[in-house]
Every structure is written in structure tokens, then in C-alpha cells.
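Have a look at protein_36.cif below; it lists mmCIF, C-alpha atoms.
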```cif
data_query
loop_
_atom_site.label_atom_id
_atom_site.label_comp_id
_atom_site.auth_asym_id
_atom_site.auth_seq_id
_atom_site.Cartn_x
_atom_site.Cartn_y
_atom_site.Cartn_z
CA MET A 445 -5.81 8.93 -7.08
CA HIS A 446 -4.71 9.81 -10.63
CA ILE A 447 -1.16 9.80 -11.98
CA VAL A 448 0.07 11.49 -15.15
CA SER A 449 3.24 9.61 -16.00
CA LYS A 450 4.18 7.87 -19.24
CA GLY A 451 4.45 4.10 -18.95
CA LYS A 452 2.74 3.94 -15.58
CA PRO A 453 -0.88 3.24 -14.65
CA THR A 454 -3.13 6.27 -14.97
CA ARG A 455 -4.87 5.30 -11.73
CA ILE A 456 -3.94 3.65 -8.45
CA VAL A 457 -6.52 1.71 -6.44
CA ASN A 458 -4.98 0.47 -3.20
CA PHE A 459 -5.85 -2.99 -1.98
CA GLY A 460 -6.57 -1.79 1.56
CA ARG A 461 -6.08 1.24 3.76
CA PRO A 462 -6.88 1.95 7.42
CA PHE A 463 -9.49 4.66 8.07
CA LEU A 464 -7.53 7.00 10.35
CA ASN A 465 -7.85 10.74 10.79
CA GLU A 466 -7.44 13.54 13.34
CA LYS A 467 -9.66 11.76 15.86
CA GLU A 468 -7.12 8.97 16.28
CA VAL A 469 -4.28 11.50 16.37
CA GLN A 470 -6.01 13.37 19.18
CA ALA A 471 -6.72 10.15 21.10
CA VAL A 472 -3.07 9.06 20.85
CA SER A 473 -1.82 12.50 21.89
CA GLU A 474 -3.99 12.42 25.01
CA VAL A 475 -2.54 9.06 26.02
CA LEU A 476 1.05 10.11 25.38
CA LEU A 477 0.62 13.28 27.39
CA SER A 478 -1.07 11.42 30.25
CA GLY A 479 2.01 9.28 30.87
CA TRP A 480 -0.17 6.18 31.41
CA LEU A 481 0.82 3.90 28.53
CA THR A 482 -0.24 0.42 29.65
CA HIS A 483 -2.52 -1.27 32.21
CA GLY A 484 -4.78 1.78 32.01
CA PRO A 485 -8.32 3.09 31.62
CA LYS A 486 -8.30 3.19 27.81
CA THR A 487 -7.80 -0.56 27.64
CA GLU A 488 -10.60 -1.17 30.11
CA ALA A 489 -12.94 1.17 28.22
CA PHE A 490 -12.08 -0.49 24.90
CA GLU A 491 -12.85 -3.91 26.37
CA GLN A 492 -16.16 -2.74 27.81
CA ASN A 493 -17.27 -1.08 24.59
CA PHE A 494 -16.25 -4.06 22.47
CA SER A 495 -18.08 -6.54 24.70
CA LYS A 496 -21.17 -4.31 24.63
CA MET A 497 -21.05 -4.16 20.82
CA ILE A 498 -20.78 -7.94 20.53
CA GLY A 499 -23.27 -8.57 23.33
CA ILE A 500 -21.11 -10.82 25.49
CA ASN A 501 -19.96 -10.70 29.10
CA HIS A 502 -16.21 -10.36 28.65
CA ALA A 503 -13.72 -8.95 26.16
CA VAL A 504 -9.99 -9.07 26.92
CA ALA A 505 -7.69 -6.84 24.86
CA VAL A 506 -4.36 -8.37 23.87
CA SER A 507 -1.39 -7.68 21.63
CA SER A 508 -2.63 -9.64 18.60
CA CYS A 509 -5.24 -12.10 17.42
CA THR A 510 -2.54 -14.76 17.62
CA ALA A 511 -2.18 -13.99 21.33
CA ALA A 512 -5.95 -14.25 21.74
CA LEU A 513 -6.02 -17.64 20.00
CA HIS A 514 -3.18 -18.92 22.17
CA LEU A 515 -4.67 -17.66 25.44
CA GLY A 516 -8.09 -19.04 24.57
CA LEU A 517 -6.74 -22.54 24.09
CA MET A 518 -4.42 -22.26 27.08
CA SER A 519 -7.25 -21.12 29.36
CA HIS A 520 -8.99 -24.42 28.64
CA ASP A 521 -5.86 -26.45 29.39
CA ILE A 522 -5.25 -27.59 25.82
CA GLY A 523 -1.96 -29.48 25.95
CA PRO A 524 0.39 -32.11 24.52
CA SER A 525 -2.06 -35.00 24.61
CA ASP A 526 -4.72 -33.08 22.67
CA GLU A 527 -5.62 -32.65 19.02
CA VAL A 528 -7.27 -29.46 17.78
CA ILE A 529 -8.97 -29.40 14.38
CA VAL A 530 -8.18 -26.30 12.29
CA PRO A 531 -8.84 -25.35 8.64
CA ALA A 532 -6.24 -26.24 6.05
CA GLN A 533 -6.86 -22.88 4.33
CA THR A 534 -6.20 -20.06 6.78
CA HIS A 535 -3.45 -17.86 8.18
CA VAL A 536 -0.75 -19.88 9.92
CA ALA A 537 -1.64 -18.23 13.26
CA THR A 538 -4.70 -20.47 13.60
CA ALA A 539 -2.50 -23.55 13.69
CA HIS A 540 0.48 -21.91 15.40
CA ALA A 541 -1.66 -21.21 18.48
CA VAL A 542 -2.26 -24.95 18.79
CA GLU A 543 1.46 -25.66 18.48
CA PHE A 544 2.20 -23.06 21.17
CA CYS A 545 0.18 -25.20 23.59
CA GLY A 546 2.13 -28.32 22.67
CA ALA A 547 -1.01 -29.80 21.12
CA THR A 548 -1.34 -31.24 17.61
CA PRO A 549 -3.15 -29.31 14.88
CA VAL A 550 -5.27 -31.60 12.73
CA PHE A 551 -6.14 -30.02 9.41
CA ALA A 552 -9.62 -30.26 7.93
CA ASP A 553 -10.24 -29.50 4.28
CA VAL A 554 -12.65 -26.69 3.48
CA ASP A 555 -15.69 -26.01 1.36
CA PRO A 556 -14.50 -25.31 -2.23
CA ILE A 557 -16.53 -22.09 -2.49
CA THR A 558 -16.70 -20.54 0.99
CA ALA A 559 -13.23 -21.73 2.11
CA ASN A 560 -14.78 -22.53 5.51
CA VAL A 561 -14.63 -25.81 7.37
CA THR A 562 -17.97 -27.59 7.63
CA ALA A 563 -19.43 -30.20 9.95
CA GLU A 564 -18.69 -32.75 7.24
CA THR A 565 -15.02 -31.83 6.74
CA ILE A 566 -14.51 -31.66 10.51
CA SER A 567 -16.11 -35.07 11.07
CA ARG A 568 -13.68 -36.69 8.60
CA VAL A 569 -10.71 -35.95 10.87
CA LEU A 570 -12.25 -36.49 14.31
CA THR A 571 -10.36 -38.92 16.54
CA LYS A 572 -10.44 -40.00 20.17
CA LYS A 573 -7.78 -37.37 20.87
CA THR A 574 -9.81 -34.48 19.44
CA ARG A 575 -10.23 -31.93 22.20
CA ALA A 576 -11.38 -28.89 20.25
CA VAL A 577 -12.24 -27.33 16.91
CA GLN A 578 -10.79 -23.91 16.08
CA LEU A 579 -12.65 -22.73 13.00
CA VAL A 580 -12.18 -19.61 10.87
CA HIS A 581 -14.88 -17.41 9.36
CA PHE A 582 -12.92 -17.06 6.13
CA ALA A 583 -12.85 -13.56 4.59
CA GLY A 584 -15.73 -12.67 6.92
CA TYR A 585 -18.19 -15.29 5.62
CA PRO A 586 -19.70 -17.09 8.65
CA CYS A 587 -19.35 -20.84 8.99
CA GLU A 588 -22.54 -22.91 9.27
CA MET A 589 -22.59 -22.73 13.04
CA ASP A 590 -25.72 -24.78 13.79
CA GLU A 591 -24.25 -27.92 12.25
CA ILE A 592 -20.78 -27.38 13.72
CA GLN A 593 -22.14 -26.65 17.20
CA ALA A 594 -24.23 -29.82 17.06
CA LEU A 595 -21.21 -31.87 16.00
CA CYS A 596 -19.04 -30.47 18.81
CA LYS A 597 -21.76 -31.03 21.40
CA ALA A 598 -22.36 -34.61 20.29
CA ASN A 599 -18.65 -35.37 20.55
CA HIS A 600 -18.05 -33.41 23.77
CA ILE A 601 -15.38 -31.18 22.25
CA LEU A 602 -14.63 -27.49 22.70
CA LEU A 603 -15.38 -24.94 19.99
CA PHE A 604 -13.26 -21.82 19.36
CA GLU A 605 -13.84 -19.21 16.66
CA ASP A 606 -11.01 -17.43 14.86
CA CYS A 607 -12.77 -14.19 13.90
CA ALA A 608 -9.68 -12.43 12.55
CA HIS A 609 -11.60 -11.73 9.31
CA ALA A 610 -15.02 -11.34 10.80
CA VAL A 611 -15.70 -8.20 12.83
CA GLY A 612 -19.25 -7.28 11.82
CA SER A 613 -20.21 -10.75 10.59
CA TYR A 614 -23.37 -12.44 11.86
CA TYR A 615 -24.82 -15.92 11.66
CA LYS A 616 -28.62 -15.86 12.01
CA ASP A 617 -28.52 -12.43 13.67
CA GLN A 618 -25.92 -13.56 16.23
CA PRO A 619 -22.39 -12.08 16.12
CA VAL A 620 -19.67 -14.56 15.25
CA GLY A 621 -17.36 -15.33 18.13
CA THR A 622 -20.26 -15.97 20.51
CA PHE A 623 -21.15 -19.54 19.54
CA GLY A 624 -18.50 -21.54 21.35
CA ASN A 625 -15.98 -21.36 24.17
CA GLY A 626 -14.27 -18.22 22.92
CA GLY A 627 -13.77 -15.92 19.97
CA SER A 628 -10.60 -14.13 18.82
CA PHE A 629 -10.49 -10.93 16.76
CA SER A 630 -7.74 -9.09 14.88
CA PHE A 631 -7.14 -5.34 14.59
CA TYR A 632 -4.35 -5.46 12.01
CA PRO A 633 -4.06 -2.26 9.88
CA ILE A 634 -6.19 -3.35 6.90
CA LYS A 635 -8.83 -5.21 8.90
CA HIS A 636 -12.29 -3.66 9.32
CA MET A 637 -10.98 -1.66 12.29
CA THR A 638 -7.44 -1.27 13.54
CA THR A 639 -5.43 -0.63 16.67
CA ILE A 640 -2.24 -0.79 14.52
CA GLU A 641 -1.55 -4.23 15.99
CA GLY A 642 -3.80 -5.86 18.54
CA GLY A 643 -6.51 -8.40 19.19
CA MET A 644 -9.42 -9.29 21.44
CA PHE A 645 -10.57 -12.48 23.12
CA ILE A 646 -14.25 -12.75 24.03
CA THR A 647 -16.06 -15.20 26.27
CA SER A 648 -19.25 -15.52 28.31
CA GLN A 649 -17.44 -17.42 31.08
CA ASP A 650 -16.22 -15.44 34.10
CA ASP A 651 -13.50 -17.91 35.06
CA ILE A 652 -12.08 -18.11 31.54
CA ALA A 653 -11.98 -14.33 31.22
CA HIS A 654 -10.11 -14.15 34.51
CA ARG A 655 -7.56 -16.74 33.39
CA VAL A 656 -6.98 -14.93 30.09
CA ARG A 657 -6.53 -11.57 31.86
CA ILE A 658 -3.97 -13.05 34.24
CA SER A 659 -2.11 -14.98 31.54
CA ARG A 660 -1.79 -12.00 29.17
CA ALA A 661 0.45 -10.25 31.73
CA PHE A 662 3.01 -12.81 32.95
CA GLY A 663 0.55 -14.63 35.25
CA ILE A 664 0.63 -11.72 37.73
CA ASP A 665 -2.43 -11.83 39.96
CA THR A 666 -2.86 -8.07 40.53
CA PRO A 667 -2.42 -5.24 37.97
CA PRO A 668 -0.47 -2.16 39.12
CA HIS A 669 -3.45 0.10 39.84
CA LYS A 670 -5.07 -2.48 42.14
CA ARG A 671 -2.03 -3.29 44.32
CA LYS A 672 -2.27 -2.32 47.99
CA LYS A 673 1.49 -1.82 48.05
CA PRO A 674 3.61 -0.87 45.02
CA GLY A 675 5.52 -3.83 43.66
CA PHE A 676 3.65 -6.43 45.76
CA TYR A 677 2.01 -9.16 43.70
CA ASP A 678 2.05 -12.89 43.16
CA VAL A 679 2.47 -14.99 40.02
CA THR A 680 -0.18 -17.68 40.06
CA THR A 681 0.21 -19.23 36.62
CA LEU A 682 2.42 -19.28 33.54
CA GLY A 683 1.82 -16.10 31.58
CA TYR A 684 3.05 -14.05 28.65
CA ASN A 685 3.59 -10.42 27.72
CA TYR A 686 0.47 -10.22 25.56
CA ARG A 687 -0.84 -6.85 26.76
CA MET A 688 -2.41 -4.20 24.55
CA THR A 689 -0.98 -0.70 25.05
CA GLU A 690 -3.05 2.33 26.02
CA VAL A 691 -2.14 3.94 22.68
CA GLU A 692 -3.60 0.99 20.77
CA ALA A 693 -6.71 0.90 22.96
CA ALA A 694 -7.28 4.63 22.45
CA ILE A 695 -7.19 4.11 18.68
CA GLY A 696 -9.53 1.14 19.10
CA LEU A 697 -12.10 3.26 20.95
CA VAL A 698 -12.21 5.75 18.08
CA GLN A 699 -12.37 2.96 15.51
CA LEU A 700 -15.31 1.31 17.27
CA ASN A 701 -17.32 4.47 16.73
CA LYS A 702 -16.48 4.34 13.03
CA LEU A 703 -17.19 0.62 12.64
CA PRO A 704 -20.87 0.86 11.57
CA GLU A 705 -19.88 3.22 8.74
CA ILE A 706 -16.96 0.97 7.79
CA ILE A 707 -19.06 -2.21 7.65
CA LYS A 708 -21.85 -0.47 5.73
CA HIS A 709 -19.42 0.74 3.08
CA ARG A 710 -17.69 -2.63 2.75
CA ARG A 711 -21.04 -4.28 2.07
CA HIS A 712 -21.87 -1.56 -0.43
CA VAL A 713 -18.58 -2.15 -2.27
CA ALA A 714 -19.25 -5.90 -2.25
CA ARG A 715 -22.72 -5.36 -3.79
CA LEU A 716 -21.18 -3.28 -6.58
CA TYR A 717 -18.59 -5.96 -7.29
CA THR A 718 -21.21 -8.70 -7.30
CA GLU A 719 -23.52 -6.77 -9.60
CA GLY A 720 -20.70 -5.86 -11.96
CA LEU A 721 -19.08 -9.30 -12.18
CA LYS A 722 -21.96 -11.76 -11.74
CA GLN A 723 -22.50 -12.33 -15.45
CA ASN A 724 -18.84 -13.17 -16.06
CA ASP A 725 -18.19 -16.91 -16.17
CA TYR A 726 -14.48 -16.38 -15.60
CA PHE A 727 -15.00 -15.50 -11.94
CA GLN A 728 -16.53 -17.43 -9.04
CA LEU A 729 -17.83 -14.74 -6.70
CA PRO A 730 -18.23 -14.90 -2.91
CA PRO A 731 -21.40 -16.83 -2.05
CA GLU A 732 -24.47 -15.18 -0.63
CA SER A 733 -26.26 -16.60 2.39
CA PRO A 734 -29.97 -16.16 3.18
CA HIS A 735 -29.35 -16.23 6.93
CA SER A 736 -25.85 -14.75 7.48
CA ALA A 737 -24.34 -11.27 7.24
CA HIS A 738 -20.92 -11.16 5.58
CA GLY A 739 -18.50 -8.59 7.02
CA PHE A 740 -16.24 -8.62 3.91
CA PHE A 741 -12.73 -8.41 5.24
CA VAL A 742 -11.82 -9.04 1.62
CA TYR A 743 -13.78 -9.64 -1.57
CA ASN A 744 -12.30 -12.95 -2.65
CA VAL A 745 -12.77 -14.07 -6.27
CA LEU A 746 -11.85 -17.47 -7.67
CA VAL A 747 -10.59 -17.51 -11.24
CA ASN A 748 -12.46 -20.20 -13.17
CA SER A 749 -9.76 -21.76 -15.31
CA LYS A 750 -7.85 -24.99 -15.61
CA THR A 751 -4.50 -23.72 -14.34
CA SER A 752 -3.23 -21.44 -11.59
CA ALA A 753 -1.24 -19.62 -14.30
CA ASP A 754 -4.40 -17.78 -15.30
CA ARG A 755 -4.84 -16.57 -11.73
CA ASP A 756 -1.29 -15.29 -11.69
CA THR A 757 -1.80 -13.63 -15.08
CA CYS A 758 -4.86 -11.91 -13.65
CA LEU A 759 -2.85 -10.62 -10.68
CA GLN A 760 -0.13 -9.32 -13.00
CA TYR A 761 -2.61 -7.59 -15.27
CA LEU A 762 -4.43 -5.88 -12.41
CA LYS A 763 -1.09 -4.72 -11.00
CA SER A 764 -0.20 -3.24 -14.40
CA GLN A 765 -3.44 -1.28 -14.21
CA GLY A 766 -2.60 0.14 -10.77
CA ILE A 767 -4.96 -2.15 -8.89
CA GLY A 768 -3.75 -3.66 -5.63
CA THR A 769 -4.50 -7.33 -4.98
CA SER A 770 -3.58 -10.13 -2.62
CA ILE A 771 -4.08 -13.88 -2.19
CA TYR A 772 -5.84 -15.47 0.81
CA TYR A 773 -3.87 -17.73 1.00
CA ALA A 774 -1.32 -18.77 -1.63
CA THR A 775 -0.30 -21.95 0.24
CA PRO A 776 -2.51 -24.06 2.53
CA VAL A 777 -1.05 -24.18 6.04
CA PRO A 778 -0.26 -27.93 6.08
CA LEU A 779 1.79 -27.46 2.91
CA MET A 780 3.98 -24.76 4.49
CA SER A 781 7.47 -26.15 5.15
CA TYR A 782 7.14 -26.25 8.95
CA TYR A 783 3.96 -28.34 8.90
CA ARG A 784 4.86 -30.35 5.82
CA ASN A 785 8.19 -31.38 7.35
CA LYS A 786 6.81 -32.07 10.82
CA TYR A 787 3.69 -34.02 9.82
CA GLY A 788 4.49 -35.30 6.32
CA PHE A 789 1.73 -33.59 4.35
CA LYS A 790 1.92 -33.46 0.55
CA GLU A 791 0.13 -31.95 -2.43
CA GLY A 792 -3.26 -33.53 -2.97
CA ASP A 793 -4.00 -34.07 0.73
CA PHE A 794 -6.35 -31.06 0.87
CA PRO A 795 -7.82 -30.66 -2.63
CA ASN A 796 -10.35 -27.94 -1.85
CA ALA A 797 -7.88 -25.82 0.11
CA GLU A 798 -5.33 -26.25 -2.68
CA HIS A 799 -7.95 -25.26 -5.27
CA ILE A 800 -8.70 -22.04 -3.40
CA ALA A 801 -4.99 -21.32 -2.96
CA ASP A 802 -4.44 -21.72 -6.71
CA LYS A 803 -7.46 -19.70 -7.86
CA SER A 804 -7.91 -16.87 -5.33
CA VAL A 805 -7.68 -13.19 -6.16
CA ALA A 806 -8.60 -10.73 -3.43
CA ILE A 807 -9.48 -7.35 -4.94
CA PRO A 808 -9.55 -3.91 -3.24
CA MET A 809 -11.88 -3.50 -0.27
CA GLY A 810 -12.34 -0.74 2.27
CA LEU A 811 -13.71 2.68 3.07
CA HIS A 812 -11.04 4.30 0.88
CA LEU A 813 -12.83 3.08 -2.26
CA SER A 814 -15.20 5.33 -4.19
CA ASP A 815 -17.88 3.92 -6.48
CA ASP A 816 -15.71 5.10 -9.37
CA ASP A 817 -12.76 3.11 -8.01
CA VAL A 818 -14.93 0.00 -7.83
CA GLU A 819 -16.20 0.47 -11.37
CA TYR A 820 -12.60 0.85 -12.55
CA VAL A 821 -11.64 -2.47 -10.92
CA ILE A 822 -14.71 -4.19 -12.42
CA ASP A 823 -13.93 -2.79 -15.87
CA LYS A 824 -10.32 -4.00 -15.77
CA MET A 825 -11.29 -7.45 -14.51
CA LYS A 826 -13.85 -7.84 -17.28
CA LYS A 827 -11.33 -6.62 -19.83
CA TRP A 828 -8.79 -9.20 -18.64
CA ALA A 829 -11.40 -11.98 -18.78
CA THR A 830 -12.41 -10.99 -22.32
CA GLU A 831 -8.81 -11.01 -23.49
CA ARG A 832 -8.16 -14.43 -21.90
CA ALA A 833 -11.32 -15.90 -23.39
CA GLY A 834 -10.18 -14.81 -26.82
CA LYS A 835 -6.88 -16.68 -26.58
#
```
Same coordinates, now as C-alpha cells:
Amino acid sequence: MHIVSKGKPTRIVNFGRPFLNEKEVQAVSEVLLSGWLTHGPKTEAFEQNFSKMIGINHAVAVSSCTAALHLGLMSHDIGPSDEVIVPAQTHVATAHAVEFCGATPVFADVDPITANVTAETISRVLTKKTRAVQLVHFAGYPCEMDEIQALCKANHILLFEDCAHAVGSYYKDQPVGTFGNGGSFSFYPIKHMTTIEGGMFITSQDDIAHRVRISRAFGIDTPPHKRKKPGFYDVTTLGYNYRMTEVEAAIGLVQLNKLPEIIKHRRHVARLYTEGLKQNDYFQLPPESPHSAHGFFVYNVLVNSKTSADRDTCLQYLKSQGIGTSIYYATPVPLMSYYRNKYGFKEGDFPNAEHIADKSVAIPMGLHLSDDDVEYVIDKMKKWATERAGK
């Protein structure tokens, strides 16, 4: 997109944009005209297609990834006497889901480059009360699952994967989300694929899938289309209104068909960024793994400088050039007011997470980017680095 306006950027490169077109419009129209807006066949088809894509027995569509995280923990009876280890550097939803269960989130520091928890950082905070680990594949880069699985098995603790960033990511040719007791995915608008809002919980266990299905809809034992008499059902457990709508599921079905193209292009954009910026000492680029496939929810760069002010200057400069950016994440979760006040955390408790929070710049990523857009971003980042180095 080009703009001819004095005093404004000559070009706009959006940070992210969902890949929606007439196919989604048609799918939504069909649902609206059908009159069947929830508890319907689109949701079931979306679940079946998603589970087939991942290669797992069960996928349960829900209203958000946060709902999936909550239901996953709840289906394993995580409760007030339990501790669940989560990354210090993540979206608050990862820890909130633990709080929803009345359990205690225990924060592990992360690797200073990948921003993922590791077997080592997890082991530092293990206690007798540890019931589970809920890790995050940060920005789409897979955690080192062999080591983490071994640690969880040796300590007899559950393993959950927050895959909100990681549709299309693989660890040793195995899709993330399939290594532990459950995986949770997000379909927020700028994720790899979208259902506007929405999420998915996956599991290989029949009984857990059943519990999640029941709990996502108030604990009701029989959905409307399976009731022998209208209005007759029982409530067998505590449940929530965490259902996905038929409109969202219809969009999800279309998006699944586009996903291979979306992932391919994201990896292409990432290769261009890496090639264009790899010789610049001012930027720490996302790591490459010989055995994992990165899905690139975002392309996260760390600014190599002594102060966070340089990172903020970089953000301001890119904005002035019409380039959208974000930070993943500007404040580690345990240093957010809710967790800081409740548990007494302070600056310096999670040095690697704090380092990433201070240095991160997420640059544009998505199918909306042309090669020319990417080269423009690279050029402006290199120009900023050159100017800073000269000061």
C-alpha cells in the first residue's frame, strides 16, 4: 500500500492481517441462512478436520484458547492443592487458566534466545506440589520436547502444551500439541488461521475429550440434536459456556484449507528476514533448529543493546516509516500487577524473561506481505541500526 501525503510515511506495512476473502463470506452466509448457529454440523466437521490434520484422536472446538487451557487442566482435576509450572514470558492466559482452577501458577524462567521454558528452567522450580507443566511454544518455535517429556515422566507430572502461537509447528516431524496430556490452540484474528475468536483442545484420550466436551457447555450431558425429548437433559459436572459458534467453525473450515499456503508463506517471509538481517550485529534473530519446524506466528527480533531505550527507539522509528510492530511480551507475567501483588514477585526474579521483554521487536508477518514489503522492512531496520551505531 502506497500513500502520497506530505509528512506521512510513503508506505504502510501492517503488522498482521487475517487472510479472509469471498470463501469465508459464503461460508458464513450459508450458516446464517441455515438458522443453525451453535451445536451444529460445522463445529463437528471443523473438529474432525483439525484432528485429522494434527493426527490425533480428538479435537474439541471452544470459544478461545484460554477456554481450551482452562478445560484441559480442569479435565485432569487440577485444583487448589496443586502447583502448575508455566513460563514467565508468555500471554497472561497461560497462567490465568491455572488460577481459574484454584491452583497456583509457578513461574519458570525461559531460555534467553528462544523464550521457551526448558527442562533445566522447569527443574529449578519443581516442588512436591507440582502437578503439571503447561509450556508455551513461544512465537511458534517448538520447545525441546524430548527433555521436557523425560523430566515430566520421571517426576510423574502432567504435561500440557499451550500452542496458541504454534499451528503448523513440528518437533522432530511430530506436530506440537501431541506430546503430553493435551494441547490448546488459538484462532485469534492475526494468528496463522482465524475463526475471529476461538480455540481448540486436542487429546488422544477418549475420556478426557468427553469431559472437555461436556464442560464446554454447562456440564450438560446431551447436546440438543441428540436428545430423545426436547429440553430433557442432565447436568453431570460443573461446566462453562465455552462453545464455538457455527459461524466461527464455518470460517475455520475454510481457513484450514488455506493453512498450508499460509504456513509456507510465513516461512518464506522468515527466510527473507533472516537472510537480510543476519549480518547485522544489532539484531538477535530467531534461532534455527536442525530438527524442528518453526510455524512463525511472529518474527521476533531482539535488539542487541545495553538499554531497553534502544528497543523503544527502534519501535518508534519503524512506526514513523509506516511499519507495524508489536512486543511479545512487554512485561513478564509474574511482574504484572495481579501476580506481583498476589505472590510478591519483583524485578530481577526472572532475568531471561525480563531481558526478552526489554529487547523484543516483533516485525510484520503474514500472507499479506509481498517480497517487496519484506525488503522495505529489512531496509528500514538496517538503516535504523546504522544510525544508532553512528551515535
ask   = List as a VMD selection string: which residues have an atom within 12 Å of (5.9, -27.4, 18.1), counting only C-alpha atoms?
value = chain A and resid 523 to 524 539 to 549 782 to 783 785 to 787
Residue selection dump (C-alpha atoms) as a PDB file, in the coordinates of the input:
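What landed in again13.pdb:
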```
ATOM      1  CA  GLY A 523      -1.960 -29.480  25.950  1.00  0.00           C
ATOM      2  CA  PRO A 524       0.390 -32.110  24.520  1.00  0.00           C
ATOM      3  CA  ALA A 539      -2.500 -23.550  13.690  1.00  0.00           C
ATOM      4  CA  HIS A 540       0.480 -21.910  15.400  1.00  0.00           C
ATOM      5  CA  ALA A 541      -1.660 -21.210  18.480  1.00  0.00           C
ATOM      6  CA  VAL A 542      -2.260 -24.950  18.790  1.00  0.00           C
ATOM      7  CA  GLU A 543       1.460 -25.660  18.480  1.00  0.00           C
ATOM      8  CA  PHE A 544       2.200 -23.060  21.170  1.00  0.00           C
ATOM      9  CA  CYS A 545       0.180 -25.200  23.590  1.00  0.00           C
ATOM     10  CA  GLY A 546       2.130 -28.320  22.670  1.00  0.00           C
ATOM     11  CA  ALA A 547      -1.010 -29.800  21.120  1.00  0.00           C
ATOM     12  CA  THR A 548      -1.340 -31.240  17.610  1.00  0.00           C
ATOM     13  CA  PRO A 549      -3.150 -29.310  14.880  1.00  0.00           C
ATOM     14  CA  TYR A 782       7.140 -26.250   8.950  1.00  0.00           C
ATOM     15  CA  TYR A 783       3.960 -28.340   8.900  1.00  0.00           C
ATOM     16  CA  ASN A 785       8.190 -31.380   7.350  1.00  0.00           C
ATOM     17  CA  LYS A 786       6.810 -32.070  10.820  1.00  0.00           C
ATOM     18  CA  TYR A 787       3.690 -34.020   9.820  1.00  0.00           C
TER      19      TYR A 787
END
```
If the PyMOL selection byres ((chain A and resi 714) around 12) is run on the structure shown, which residues does it catch, given as a short mmCIF file (atom, residue, chain, number, x, y, z; two decimals) with C-alpha atoms, in the frame of the given file?
```cif
data_model
loop_
_atom_site.label_atom_id
_atom_site.label_comp_id
_atom_site.auth_asym_id
_atom_site.auth_seq_id
_atom_site.Cartn_x
_atom_site.Cartn_y
_atom_site.Cartn_z
CA GLY A 584 -15.73 -12.67 6.92
CA ILE A 707 -19.06 -2.21 7.65
CA LYS A 708 -21.85 -0.47 5.73
CA HIS A 709 -19.42 0.74 3.08
CA ARG A 710 -17.69 -2.63 2.75
CA ARG A 711 -21.04 -4.28 2.07
CA HIS A 712 -21.87 -1.56 -0.43
CA VAL A 713 -18.58 -2.15 -2.27
CA ARG A 715 -22.72 -5.36 -3.79
CA LEU A 716 -21.18 -3.28 -6.58
CA TYR A 717 -18.59 -5.96 -7.29
CA THR A 718 -21.21 -8.70 -7.30
CA GLU A 719 -23.52 -6.77 -9.60
CA GLY A 720 -20.70 -5.86 -11.96
CA LEU A 721 -19.08 -9.30 -12.18
CA LYS A 722 -21.96 -11.76 -11.74
CA LEU A 729 -17.83 -14.74 -6.70
CA PRO A 730 -18.23 -14.90 -2.91
CA PRO A 731 -21.40 -16.83 -2.05
CA GLU A 732 -24.47 -15.18 -0.63
CA HIS A 738 -20.92 -11.16 5.58
CA GLY A 739 -18.50 -8.59 7.02
CA PHE A 740 -16.24 -8.62 3.91
CA PHE A 741 -12.73 -8.41 5.24
CA VAL A 742 -11.82 -9.04 1.62
CA TYR A 743 -13.78 -9.64 -1.57
CA ASN A 744 -12.30 -12.95 -2.65
CA VAL A 745 -12.77 -14.07 -6.27
CA ALA A 806 -8.60 -10.73 -3.43
CA ILE A 807 -9.48 -7.35 -4.94
CA PRO A 808 -9.55 -3.91 -3.24
CA MET A 809 -11.88 -3.50 -0.27
CA GLY A 810 -12.34 -0.74 2.27
CA LEU A 811 -13.71 2.68 3.07
CA LEU A 813 -12.83 3.08 -2.26
CA ASP A 815 -17.88 3.92 -6.48
CA VAL A 818 -14.93 0.00 -7.83
CA GLU A 819 -16.20 0.47 -11.37
CA ILE A 822 -14.71 -4.19 -12.42
#
```
ask   = Selected by the PyMOL selection byres ((chain A and resi 644) around 7) in the shown coordinates: which residues, as a list in words?
value =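 Output of the PyMOL selection byres ((chain A and resi 644) around 7): Ala503, Val504, Ala505, Val506, Cys509, Ala512, Ser628, Phe629, Ser630, Gly643, Phe645 and Ile646 of chain A.
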request  = Could you list the residues chosen by the PyMOL selection byres ((chain A and resi 640) around 10) in this structure as an NGL selection string?
outcome  = :A and (462 or 507-508 or 630-635 or 637-639 or 641-643 or 691-693 or 695-696)
query = With all atoms listed in the file as the atoms that count, which of A:Tyr677, A:Phe490, A:His535, A:Ser567 lies nearest to His609 (chain A)?
reply = A:His535
query = Which of these, A:Asp555, A:Glu791, A:Asp590, A:Asp817, has the shortest distance to Gly768 (chain A) once you count all atoms listed in the file?
reply =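 Among the listed residues, the smallest separation from Gly768 (chain A) belongs to A:Asp817.
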Spatial neighbours of Pro586 (chain A), 7 Å, only C-alpha atoms, chain gap at least 4 places, as a list in words =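 Returned residues: His581, Ser613, Tyr614, Tyr615, Ser736 and His738 of chain A.
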Just to be explicit: take each residue in the selection above, keep C-alpha atoms, and write the result as a JSON list (two decimals), in the coordinates of the input.
```json
[["chain", "number", "residue", "atom", "x", "y", "z"],
["A", 581, "HIS", "CA", -14.88, -17.41, 9.36],
["A", 613, "SER", "CA", -20.21, -10.75, 10.59],
["A", 614, "TYR", "CA", -23.37, -12.44, 11.86],
["A", 615, "TYR", "CA", -24.82, -15.92, 11.66],
["A", 736, "SER", "CA", -25.85, -14.75, 7.48],
["A", 738, "HIS", "CA", -20.92, -11.16, 5.58]]
```
ask   = List as a list in words: which residues have an atom within 12 Å of (-13.5, -16.7, -23.3), counting all atoms listed in the file?
value =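 These residues have at least one counted atom within 12 Å: Asn724, Asp725, Tyr726, Phe727, Asn748, Ser749, Lys826, Lys827, Trp828, Ala829, Thr830, Glu831, Arg832, Ala833, Gly834 and Lys835 of chain A.
Interatomic distance, CA of Thr454 (chain A) to CA of Asp756 (chain A): 21.9 Å.
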